[in-house]
Amino acid sequence: MGWGTRLGLLGGLALWAQRRRAAAAAARDGGDGGERRDLELRLVQVVFRHGARTPLRPLPGAQPVEWHPTLLDVPARTKFDYVVTDLNGGPRPPSPYEKQYRMTTFKGGAIAGQLTAVGMEQMYALGERLRRSYVEEANFLSPTFKPAEVFIRSTNIFRNLESTRCLLAGLYQQQKEGAVVIVTDEASSEILYPNYHNCQRLKCLSRHKSKSALQQPGISDDLKTIKEKMGIDGEKPVDFFLLLDNILAEQVHNLPSCPVLKNFQQTVERRSVDLVLSFLEGGSREVLQMSVGLLLHTLQKNITEAVNPSSPAEKARKLILYASHDVTLIPLLLALGTFDHKWPPYAADVTLELYQHQQSKGWFVRVSYHGEEQVVKGCRAALCPLKDFLEVLSQYSVSPEDYNNLCSQTEGKEQTD
């Protein structure tokens with residue numbers, strides 16, 4: 001799931017900011033207001049990052065921050081019972097990531113990568129926002145959870161399962177009719193993050209590009225300076241992603257950060273984004289396809305099934321939730337042409353709404369990021385004709401067969417790095 005451990009993604013496709021904001025503003029100002037009144041919401045898909053958590057690894061050399069287990073206490077209003085199955089309804093698969101996290105205990109006693117109470121409240125707030133939008137304002141979703149209306153999939157990582165619980169508690173105010181089932185997959189075949197387990201080519205490209213990027217004078221000099229000022233041994237395996245991970249986690253929990261690291265925060269975030277974007281400079285399209293192509297294929301399939309349902313289950317489904325990660329949202333936003341060059345915050349969401357015009361019967365898609373309407377590249381406005389939107393997805397969407405073909409290709413340079 002990582003990019004180097006955490007470098008695995010994406011490139012400079014997202015210079016659409018001014019155009020996107022202008023078009024979104026025009027849409028909000030009523031440019032298509034009459035049309036929108038005639039639209040019927042048919043499907044909502046939400047791809048979201050988990051809430052705030054403990055860091056993934058401690059920083060060597062820095063004064064350790066205390067992470068007490070009480071930071072993980074569950075707020076009462078976020079409680080919502082759920083069960084986890086594999087994709088076929090069988091037992092939950094084992095989670096190799098959880099085993100890794102439990103090998104790291106921070107000063108204070110908390111373990112790595114765990115959702116905190118702050119993160120739980122963030123996800124509850126996201127659920128409340130979705131409730132306002134789709135229960136109270138649109139009158140689209142039932143006010144009580146109904147299994148037939150909702151499909152939920154998460155990566156098999158506890159903070160994501162728990163984040164989903166909190167989102168659902170906020171969305172449905174802890175009210176449900178029937179069991180809440182969250183499906184997940186084996187780590188080896190997961191599609192909700194760039195998967196180095198089953199795509200060795202992506203892993204090799206990531207390693208090669210990460211190594212090359214870190215050798216660029218500006219990036220390597222910045223990292224060397226920060227490590228020296230923090231008193232970190234130059235040989236210690238510390239990169240910008242580890243620095244960013246720790247400072248963002250500390251700040252959202254109001255914990256004291258290393259003063260030197262705080263002074264370099266903007267540099268750390270900028271360089272983290274630079275490294276991610278550098279991954280696409282050599283052959284962008286296929287890297288994105290290998291990173292989120294299967295997810296895009298799934299989103300596209302869900303839309304197609306909503307337009308032409310072939311079963312009562314497909315017809316009844318209104319909401320699809322995907323609990324993912326920052327390393328998922330960045331390539332997804334890049335594929336849509338809406339990445340703002342900022343690291344996705346905890347509980348950020350990309351939401352796709354499918355509408356049908358009541359008179360013309362035409363179909364449209366609207367995308368929002370973190371609650372803000374977006375204009376997808378290739379679309380003239382935020383409300384995008386379905387044909388145009390699917391054309392955008394088709395550039396990076398790949399079927400399982402195409403994905404396997406991409407991942408099995410080998411190149412000389414990749415094999416030697």
# chains A, B, ... in the order shown; residues from 1 in each chain; ligands from 1
>>> select_by_dssp(residues="region 204-349 of chain A", states="helix (DSSP H, G or I)", output="MDAnalysis selection string")
chainID A and resid 204:214 217:230 240:252 259:263 265:278 284:307 312:316 326:336
>>> residues_around(residues="region 249-258 of chain A", least_positions_apart="5", cutoff="10 Å", atoms="only C-alpha atoms", output="PyMOL selection string")
chain A and resi 52-56+62-67+71+116-119+230+244+263+346
>>> write_last_selection(atoms="C-alpha atoms", output="PDB file, in the first residue's frame")
ATOM      1  CA  ALA A  52      -7.176  10.502  12.030  1.00  0.00           C
ATOM      2  CA  ARG A  53      -4.932   7.781  13.428  1.00  0.00           C
ATOM      3  CA  THR A  54      -1.716   7.117  15.249  1.00  0.00           C
ATOM      4  CA  PRO A  55       1.388   7.328  13.011  1.00  0.00           C
ATOM      5  CA  LEU A  56       2.557   4.306  11.062  1.00  0.00           C
ATOM      6  CA  ALA A  62      13.183  13.085  17.654  1.00  0.00           C
ATOM      7  CA  GLN A  63      11.842  13.465  21.182  1.00  0.00           C
ATOM      8  CA  PRO A  64       9.084  10.816  21.196  1.00  0.00           C
ATOM      9  CA  VAL A  65       5.496  12.003  21.441  1.00  0.00           C
ATOM     10  CA  GLU A  66       3.316  10.146  23.917  1.00  0.00           C
ATOM     11  CA  TRP A  67       0.402   8.315  22.337  1.00  0.00           C
ATOM     12  CA  LEU A  71      -6.766   8.544  22.604  1.00  0.00           C
ATOM     13  CA  THR A 116      -8.339   7.546  17.311  1.00  0.00           C
ATOM     14  CA  ALA A 117     -11.328   9.234  18.936  1.00  0.00           C
ATOM     15  CA  VAL A 118     -10.516  12.329  16.877  1.00  0.00           C
ATOM     16  CA  GLY A 119     -10.652  10.218  13.733  1.00  0.00           C
ATOM     17  CA  MET A 230      16.421  17.122  13.751  1.00  0.00           C
ATOM     18  CA  LEU A 244       4.614  14.166   6.977  1.00  0.00           C
ATOM     19  CA  ASN A 263       9.250  24.830  10.837  1.00  0.00           C
ATOM     20  CA  TYR A 346      -8.065  12.527   7.095  1.00  0.00           C
TER      21      TYR A 346
END
>>> residues_around(residues="Pro237 (chain A)", least_positions_apart="6", cutoff="12 Å", atoms="only C-alpha atoms", output="PyMOL selection string")
chain A and resi 4-5+57-61+223-224+227+243
>>> closest_residue(among="A:Gln114, A:Ile303, A:Ser324, A:Glu286", to="Gln356 (chain A)", atoms="only C-alpha atoms")
A:Ile303
>>> closest_residue(among="A:Tyr172, A:Phe80, A:Phe389, A:Phe279", to="Arg132 (chain A)", atoms="only C-alpha atoms")
A:Tyr172
